[in-house]
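Okay, start-v7.cif now, which holds mmCIF, C-alpha atoms:
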data_entry
#
loop_
_atom_site.label_atom_id
_atom_site.label_comp_id
_atom_site.auth_asym_id
_atom_site.auth_seq_id
_atom_site.Cartn_x
_atom_site.Cartn_y
_atom_site.Cartn_z
CA MET G 17 7.15 23.37 -6.01
CA GLY G 18 10.85 22.62 -6.39
CA GLU G 19 12.99 22.44 -9.49
CA THR G 20 14.41 19.79 -11.76
CA ARG G 21 17.98 18.70 -12.40
CA THR G 22 19.14 17.11 -15.60
CA ALA G 23 21.42 14.07 -15.63
CA GLU G 24 22.59 11.79 -18.39
CA SER G 25 21.37 8.19 -18.51
CA ALA G 26 22.42 6.02 -21.45
CA GLY G 27 23.02 9.17 -23.48
CA HIS G 28 19.57 10.61 -22.76
CA PRO G 29 18.80 13.52 -20.44
CA VAL G 30 16.86 12.54 -17.32
CA HIS G 31 15.05 15.23 -15.34
CA TRP G 32 15.06 14.50 -11.59
CA PRO G 33 12.68 16.55 -9.45
CA VAL G 34 14.37 18.42 -6.61
CA PRO G 35 12.13 19.00 -3.58
CA PRO G 36 11.53 22.47 -2.15
CA HIS G 37 13.23 23.36 1.13
CA ASP G 38 10.28 22.26 3.29
CA GLY G 39 9.53 19.15 1.21
CA TYR G 40 6.80 18.34 -1.24
CA THR G 41 3.15 18.24 -0.24
CA VAL G 42 0.66 15.57 -1.25
CA ASP G 43 -0.86 18.04 -3.72
CA ASP G 44 2.47 18.05 -5.57
CA LEU G 45 2.23 14.28 -5.92
CA PHE G 46 -0.75 14.80 -8.22
CA THR G 47 0.57 17.80 -10.17
CA LEU G 48 4.26 17.13 -10.81
CA PRO G 49 4.66 16.06 -14.44
CA ASP G 50 6.02 12.70 -15.63
CA LEU G 51 6.28 10.91 -12.30
CA PRO G 52 6.73 7.14 -12.61
CA PRO G 53 3.64 4.99 -11.92
CA HIS G 54 2.91 4.26 -8.25
CA THR G 55 5.14 7.06 -6.92
CA GLU G 56 4.57 7.50 -3.19
CA MET G 57 5.24 10.36 -0.79
CA ILE G 58 6.76 9.75 2.62
CA ASP G 59 7.61 12.74 4.81
CA GLY G 60 7.54 15.10 1.84
CA ILE G 61 9.93 12.96 -0.22
CA LEU G 62 9.00 11.24 -3.49
CA VAL G 63 9.56 7.47 -3.36
CA PHE G 64 9.85 5.64 -6.67
CA VAL G 65 8.94 1.98 -7.06
CA SER G 66 11.67 -0.39 -8.29
CA PRO G 67 11.00 -3.40 -10.55
CA GLN G 68 9.02 -5.93 -8.55
CA ARG G 69 9.27 -9.68 -7.94
CA TYR G 70 6.58 -11.95 -9.36
CA PHE G 71 5.81 -12.97 -5.76
CA ARG G 72 4.45 -9.50 -5.03
CA VAL G 73 2.33 -9.43 -8.20
CA ALA G 74 0.87 -12.89 -7.51
CA VAL G 75 0.15 -12.17 -3.83
CA ILE G 76 -1.61 -8.92 -4.62
CA ASP G 77 -3.76 -10.71 -7.23
CA LEU G 78 -4.58 -13.49 -4.76
CA LEU G 79 -5.50 -11.15 -1.91
CA VAL G 80 -7.54 -8.74 -4.04
CA SER G 81 -9.55 -11.67 -5.41
CA GLY G 82 -10.02 -13.13 -1.93
CA LEU G 83 -11.01 -9.82 -0.35
CA ARG G 84 -13.58 -9.16 -3.07
CA ARG G 85 -15.12 -12.62 -2.74
CA THR G 86 -16.87 -11.75 0.54
CA LEU G 87 -16.80 -7.96 0.30
CA PRO G 88 -19.91 -6.21 1.71
CA SER G 89 -21.77 -4.01 -0.77
CA ASP G 90 -20.82 -0.85 1.16
CA MET G 91 -17.05 -1.39 0.79
CA ARG G 92 -14.55 -1.37 -2.07
CA VAL G 93 -11.13 -2.97 -2.64
CA ALA G 94 -8.42 -1.00 -4.45
CA ARG G 95 -4.81 -1.73 -5.34
CA GLU G 96 -1.94 0.77 -5.35
CA MET G 97 -4.06 3.86 -4.75
CA THR G 98 -2.63 6.86 -2.92
CA VAL G 99 -3.94 7.28 0.61
CA VAL G 100 -3.61 10.83 1.97
CA LEU G 101 -2.47 10.63 5.58
CA ASP G 102 -1.47 14.26 6.05
CA LYS G 103 0.10 17.18 4.17
CA HIS G 104 3.43 15.41 3.56
CA ASN G 105 2.43 11.74 3.43
CA GLY G 106 0.66 10.01 0.58
CA PRO G 107 1.73 6.36 0.49
CA GLY G 108 0.19 3.86 -1.89
CA PRO G 109 -0.68 0.65 -0.03
CA ASP G 110 -0.45 -2.43 -2.19
CA ILE G 111 -4.11 -3.03 -1.34
CA CYS G 112 -6.69 -1.13 0.67
CA VAL G 113 -10.30 -1.69 1.64
CA VAL G 114 -12.28 1.53 1.80
CA ARG G 115 -15.80 2.62 2.59
CA GLY G 116 -17.95 2.51 -0.53
CA GLU G 117 -18.86 6.19 -0.37
CA ALA G 118 -15.15 7.06 -0.60
CA LEU G 119 -15.25 6.12 -4.28
CA THR G 120 -16.98 9.09 -5.84
CA ASP G 121 -15.55 9.00 -9.35
CA ARG G 122 -13.76 6.35 -11.41
CA ARG G 123 -11.17 9.01 -12.31
CA GLN G 124 -10.20 9.76 -8.74
CA THR G 125 -6.59 9.20 -7.73
CA ARG G 126 -6.66 9.15 -3.93
CA PHE G 127 -8.50 8.15 -0.79
CA GLU G 128 -8.46 9.88 2.58
CA ALA G 129 -7.11 7.93 5.55
CA ALA G 130 -10.44 8.26 7.36
CA ASP G 131 -12.09 6.16 4.62
CA VAL G 132 -9.58 3.29 4.77
CA LEU G 133 -10.60 0.23 6.81
CA LEU G 134 -7.63 -1.99 5.90
CA ALA G 135 -4.19 -1.30 4.43
CA VAL G 136 -2.04 -4.15 3.10
CA GLU G 137 1.67 -4.08 2.33
CA VAL G 138 3.54 -6.91 0.61
CA VAL G 139 7.20 -6.74 1.66
CA SER G 140 9.59 -5.98 -1.19
CA PRO G 141 13.41 -5.99 -0.97
CA ASP G 142 13.66 -2.33 -2.00
CA SER G 143 11.06 -1.14 0.51
CA GLU G 144 11.43 -3.52 3.44
CA SER G 145 12.01 -0.92 6.14
CA ARG G 146 9.15 1.23 4.87
CA ASP G 147 6.78 -1.77 4.70
CA ARG G 148 7.70 -3.11 8.15
CA ASP G 149 8.21 0.10 10.09
CA THR G 150 7.54 3.48 8.47
CA LYS G 151 4.20 2.79 6.83
CA PRO G 152 2.58 0.85 9.71
CA ARG G 153 3.49 3.65 12.12
CA LYS G 154 2.02 6.25 9.81
CA TYR G 155 -1.11 4.21 9.07
CA ALA G 156 -1.69 3.74 12.79
CA ALA G 157 -1.13 7.44 13.53
CA ALA G 158 -3.69 8.28 10.83
CA GLY G 159 -6.25 5.98 12.50
CA ILE G 160 -6.48 3.21 9.88
CA PRO G 161 -7.99 0.40 12.00
CA ASN G 162 -6.52 -2.67 10.29
CA PHE G 163 -3.14 -3.46 8.74
CA TRP G 164 -1.73 -6.59 7.08
CA LEU G 165 1.94 -7.24 6.44
CA VAL G 166 2.59 -9.99 3.91
CA ASP G 167 5.98 -11.66 3.64
CA MET G 168 7.59 -14.50 1.72
CA ALA G 169 8.55 -17.45 3.90
CA GLY G 170 9.65 -21.06 3.84
CA GLU G 171 11.53 -23.07 1.27
CA ASP G 172 8.53 -22.84 -1.07
CA ASP G 173 8.33 -19.01 -0.92
CA HIS G 174 4.70 -18.96 0.17
CA PRO G 175 2.97 -15.86 1.58
CA VAL G 176 2.58 -15.38 5.31
CA VAL G 177 0.02 -12.79 6.41
CA GLN G 178 0.46 -10.93 9.70
CA VAL G 179 -2.84 -9.35 10.76
CA HIS G 180 -2.77 -6.26 12.99
CA GLU G 181 -5.52 -4.22 14.63
CA LEU G 182 -5.24 -0.68 15.93
CA GLY G 183 -5.28 -0.35 19.69
CA LYS G 184 -7.72 2.43 20.49
CA VAL G 185 -5.98 3.37 23.74
CA ILE G 186 -2.32 3.30 22.71
CA GLY G 187 -2.79 4.18 19.02
CA THR G 188 -0.43 1.51 17.68
CA TYR G 189 -1.01 -1.81 15.95
CA ALA G 190 -1.24 -5.08 17.88
CA LEU G 191 -0.56 -8.38 16.13
CA THR G 192 -3.71 -10.52 16.28
CA GLY G 193 -2.69 -13.46 14.11
CA VAL G 194 -0.16 -14.95 11.70
CA TYR G 195 -1.58 -16.97 8.81
CA HIS G 196 0.46 -19.38 6.69
CA GLU G 197 -2.19 -21.24 4.70
CA HIS G 198 -5.60 -19.73 5.35
CA VAL G 199 -6.75 -16.28 6.44
CA LYS G 200 -10.13 -16.56 8.14
CA ILE G 201 -11.05 -13.51 10.21
CA THR G 202 -14.05 -11.29 11.00
CA VAL G 203 -12.60 -7.77 10.79
CA PRO G 204 -13.05 -5.44 9.02
CA TYR G 205 -15.59 -7.98 7.66
CA GLY G 206 -15.84 -11.74 7.19
CA ILE G 207 -12.73 -12.67 5.17
CA ASP G 208 -11.83 -16.19 4.03
CA ILE G 209 -8.74 -16.52 1.80
CA ASP G 210 -6.92 -19.74 0.94
CA LEU G 211 -3.27 -18.67 0.63
CA THR G 212 -2.29 -21.98 -0.99
CA GLU G 213 -4.15 -20.86 -4.11
CA ILE G 214 -1.00 -18.92 -4.98
CA ASP G 215 0.32 -22.19 -6.41
CA ALA G 216 -2.11 -21.78 -9.30
CA LEU G 217 -0.96 -18.24 -10.10
#

Written as structure tokens, that's how I'd like the structure from this file.
Amino acid sequence: MGETRTAESAGHPVHWPVPPHDGYTVDDLFTLPDLPPHTEMIDGILVFVSPQRYFRVAVIDLLVSGLRRTLPSDMRVAREMTVVLDKHNGPGPDICVVRGEALTDRRQTRFEAADVLLAVEVVSPDSESRDRDTKPRKYAAAGIPNFWLVDMAGEDDHPVVQVHELGKVIGTYALTGVYHEHVKITVPYGIDIDLTEIDAL
């Protein structure tokens, strides 16, 4: 399960986990002690979350509220939960919509990719390449049918939502719409979100 190395930070010892030769597995993500909140695993490597902009916090709040407003009774919305894609990949989408039966216990810490209907990533400066490239490719390969990428745009720093659907033949995401003020779509269910409500957050 790897080892730890000790370094000095502001006069205090810091223990950094060192991965085993063949990388960590998703099981390690849930058993390694003292990992920072929202640690992800990409290709067997632990990814730590940096301090976040208020934009990301506000957008996640807005979208979670909007997704729940019309959510069918057999689905659930979760934020920053680990989604197990395979042995070495356990990212934590900013938001995901899952099948209701996937939530079996309020203490659970993960969902399986097969239960995820929508994954949402809000682009952050420290994770831009992962949000735009790495994660969508891995979500598509795992069969997650819907993906949203949310970015900051314009002089007023408002959210723009890019909606993607999985192509069943080619197995990659196709862009189906770009929404600047209002997301109104029918998949994975009837969703109606006024993006301008971010001004009140």

*Atomic separation - CA of Ser66 (chain G) relative to CA of Val99 (chain G), Å*: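 Separation of CA of Val99 (chain G) and CA of Ser66 (chain G): 19.5 Å.
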
_I want to know what sits within 8 Å of Leu119 (chain G), based on all atoms listed in the file, with residues of the same chain fewer than 5 positions away left out; could you give that as a VMD selection string?_
chain G and resid 92 124 127

*Name every residue that the PyMOL selection byres ((chain G and resi 214) around 12) selects in this structure, writing the answer as a PyMOL selection string with chains first and numbers rising.*
chain G and resi 70-79+81-82+168+172-176+196-198+209-213+215-217

*Quick one, how far is CA of Met91 (chain G) from CA of Val132 (chain G)?*
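Answer for the CA of Met91 (chain G) to CA of Val132 (chain G) separation: 9.7 Å.
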
_Just want the 6 Å neighbourhood of Leu133 (chain G), counted on all atoms listed in the file, with same-chain residues fewer than 5 positions away dropped. Output as an MDAnalysis selection string._
chainID G and resid 113:114 160:161

_Residue contacts of Asp38 (chain G) (12 Å, all atoms listed in the file) excluding same-chain residues fewer than 3 positions away, as a PyMOL selection string_ = chain G and resi 17-18+34-35+41+59-61+103-104

Please, could you write that set of residues out with C-alpha atoms as a PDB file, keeping the file's coordinate frame?
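Just written: out39.pdb:
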ATOM      1  CA  MET G  17       7.150  23.370  -6.010  1.00  0.00           C
ATOM      2  CA  GLY G  18      10.850  22.620  -6.390  1.00  0.00           C
ATOM      3  CA  VAL G  34      14.370  18.420  -6.610  1.00  0.00           C
ATOM      4  CA  PRO G  35      12.130  19.000  -3.580  1.00  0.00           C
ATOM      5  CA  THR G  41       3.150  18.240  -0.240  1.00  0.00           C
ATOM      6  CA  ASP G  59       7.610  12.740   4.810  1.00  0.00           C
ATOM      7  CA  GLY G  60       7.540  15.100   1.840  1.00  0.00           C
ATOM      8  CA  ILE G  61       9.930  12.960  -0.220  1.00  0.00           C
ATOM      9  CA  LYS G 103       0.100  17.180   4.170  1.00  0.00           C
ATOM     10  CA  HIS G 104       3.430  15.410   3.560  1.00  0.00           C
TER      11      HIS G 104
END

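Minimum atom-to-atom distance to Pro152 (chain G), evaluated using all atoms listed in the file, belongs to G:Thr188 out of G:Thr98, G:Gln68, G:Thr202, G:Thr188.
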
*Test item: residues at most 6 Å from Leu134 (chain G), only C-alpha atoms, excluding those fewer than 3 positions along its chain, as a ChimeraX atom specification*: /G:112-113,162-163

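Rounded to one decimal, CA of Leu87 (chain G) and CA of Ala129 (chain G) lie 19.3 Å from each other.
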
*Counting only C-alpha atoms, what is within 12 Å of Arg148 (chain G), bar same-chain residues fewer than 6 positions away, as a ChimeraX atom specification?*
/G:136-142,154-155,163-167,178,180,189

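Selection check: the PyMOL selection byres ((chain G and resi 97) around 6) on the shown file gives Arg95, Glu96, Thr98, Gly108 and Arg126 of chain G.
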
Put region 198-212 of chain G into a file with all heavy atoms, as a short mmCIF file (atom, residue, chain, number, x, y, z; two decimals), in the first residue's frame.
data_model
loop_
_atom_site.label_atom_id
_atom_site.label_comp_id
_atom_site.auth_asym_id
_atom_site.auth_seq_id
_atom_site.Cartn_x
_atom_site.Cartn_y
_atom_site.Cartn_z
N HIS G 198 -29.81 29.84 -19.34
CA HIS G 198 -30.89 28.93 -18.92
C HIS G 198 -30.63 27.53 -19.46
O HIS G 198 -30.46 27.36 -20.67
CB HIS G 198 -32.23 29.44 -19.46
CG HIS G 198 -33.41 29.00 -18.68
ND1 HIS G 198 -34.38 29.86 -18.23
CD2 HIS G 198 -33.78 27.78 -18.24
CE1 HIS G 198 -35.30 29.20 -17.56
NE2 HIS G 198 -34.96 27.93 -17.56
N VAL G 199 -30.56 26.56 -18.57
CA VAL G 199 -30.43 25.16 -19.00
C VAL G 199 -31.81 24.53 -18.96
O VAL G 199 -32.41 24.39 -17.88
CB VAL G 199 -29.47 24.37 -18.08
CG1 VAL G 199 -29.38 22.92 -18.54
CG2 VAL G 199 -28.10 25.00 -18.05
N LYS G 200 -32.33 24.19 -20.12
CA LYS G 200 -33.64 23.53 -20.20
C LYS G 200 -33.50 22.35 -21.15
O LYS G 200 -33.43 22.53 -22.37
CB LYS G 200 -34.72 24.48 -20.67
CG LYS G 200 -36.14 23.92 -20.50
CD LYS G 200 -37.20 24.99 -20.64
CE LYS G 200 -38.57 24.40 -20.31
NZ LYS G 200 -39.64 25.44 -20.39
N ILE G 201 -33.42 21.15 -20.57
CA ILE G 201 -33.18 19.94 -21.36
C ILE G 201 -34.05 18.80 -20.83
O ILE G 201 -34.70 18.93 -19.78
CB ILE G 201 -31.69 19.53 -21.33
CG1 ILE G 201 -31.21 19.32 -19.89
CG2 ILE G 201 -30.82 20.57 -22.03
CD1 ILE G 201 -29.77 18.84 -19.79
N THR G 202 -34.04 17.68 -21.54
CA THR G 202 -34.90 16.55 -21.17
C THR G 202 -34.14 15.31 -20.74
O THR G 202 -34.76 14.31 -20.37
CB THR G 202 -35.81 16.18 -22.34
OG1 THR G 202 -35.01 15.85 -23.48
CG2 THR G 202 -36.74 17.35 -22.70
N VAL G 203 -32.81 15.33 -20.79
CA VAL G 203 -32.03 14.16 -20.37
C VAL G 203 -30.98 14.58 -19.34
O VAL G 203 -30.42 15.68 -19.44
CB VAL G 203 -31.34 13.47 -21.57
CG1 VAL G 203 -32.34 12.79 -22.48
CG2 VAL G 203 -30.48 14.45 -22.36
N PRO G 204 -30.74 13.75 -18.32
CA PRO G 204 -31.35 12.43 -18.07
C PRO G 204 -32.78 12.50 -17.54
O PRO G 204 -33.41 11.48 -17.33
CB PRO G 204 -30.41 11.80 -17.03
CG PRO G 204 -29.86 12.97 -16.29
CD PRO G 204 -29.72 14.07 -17.31
N TYR G 205 -33.29 13.72 -17.32
CA TYR G 205 -34.70 13.94 -16.97
C TYR G 205 -35.01 15.39 -17.28
O TYR G 205 -34.14 16.13 -17.77
CB TYR G 205 -34.96 13.60 -15.49
CG TYR G 205 -34.15 14.40 -14.49
CD1 TYR G 205 -34.66 15.56 -13.90
CD2 TYR G 205 -32.86 14.00 -14.12
CE1 TYR G 205 -33.91 16.29 -13.00
CE2 TYR G 205 -32.11 14.73 -13.21
CZ TYR G 205 -32.65 15.88 -12.65
OH TYR G 205 -31.90 16.61 -11.75
N GLY G 206 -36.21 15.84 -17.06
CA GLY G 206 -36.58 17.22 -17.34
C GLY G 206 -35.90 18.18 -16.39
O GLY G 206 -36.23 18.22 -15.21
N ILE G 207 -34.94 18.96 -16.89
CA ILE G 207 -34.14 19.87 -16.07
C ILE G 207 -34.39 21.30 -16.54
O ILE G 207 -34.40 21.57 -17.74
CB ILE G 207 -32.64 19.52 -16.17
CG1 ILE G 207 -32.38 18.13 -15.57
CG2 ILE G 207 -31.78 20.57 -15.47
CD1 ILE G 207 -30.98 17.60 -15.85
N ASP G 208 -34.59 22.20 -15.59
CA ASP G 208 -34.86 23.61 -15.91
C ASP G 208 -34.15 24.47 -14.86
O ASP G 208 -34.61 24.60 -13.73
CB ASP G 208 -36.38 23.85 -15.87
CG ASP G 208 -36.77 25.22 -16.40
OD1 ASP G 208 -35.90 26.10 -16.48
OD2 ASP G 208 -37.96 25.40 -16.73
N ILE G 209 -32.99 25.04 -15.24
CA ILE G 209 -32.17 25.79 -14.29
C ILE G 209 -31.88 27.18 -14.87
O ILE G 209 -31.35 27.31 -15.97
CB ILE G 209 -30.84 25.07 -14.00
CG1 ILE G 209 -31.09 23.67 -13.44
CG2 ILE G 209 -30.00 25.89 -13.01
CD1 ILE G 209 -29.82 22.85 -13.24
N ASP G 210 -32.21 28.20 -14.11
CA ASP G 210 -31.93 29.59 -14.48
C ASP G 210 -30.53 29.93 -13.97
O ASP G 210 -30.32 30.12 -12.77
CB ASP G 210 -32.97 30.51 -13.85
CG ASP G 210 -32.78 31.97 -14.24
OD1 ASP G 210 -31.78 32.28 -14.92
OD2 ASP G 210 -33.62 32.79 -13.85
N LEU G 211 -29.57 30.02 -14.86
CA LEU G 211 -28.18 30.27 -14.48
C LEU G 211 -27.98 31.69 -13.95
O LEU G 211 -27.00 31.94 -13.23
CB LEU G 211 -27.25 30.01 -15.66
CG LEU G 211 -27.23 28.58 -16.20
CD1 LEU G 211 -26.33 28.50 -17.44
CD2 LEU G 211 -26.75 27.59 -15.13
N THR G 212 -28.88 32.61 -14.31
CA THR G 212 -28.72 33.98 -13.82
C THR G 212 -28.99 34.10 -12.32
O THR G 212 -28.66 35.12 -11.72
CB THR G 212 -29.65 34.95 -14.59
OG1 THR G 212 -31.02 34.64 -14.28
CG2 THR G 212 -29.42 34.85 -16.09
#
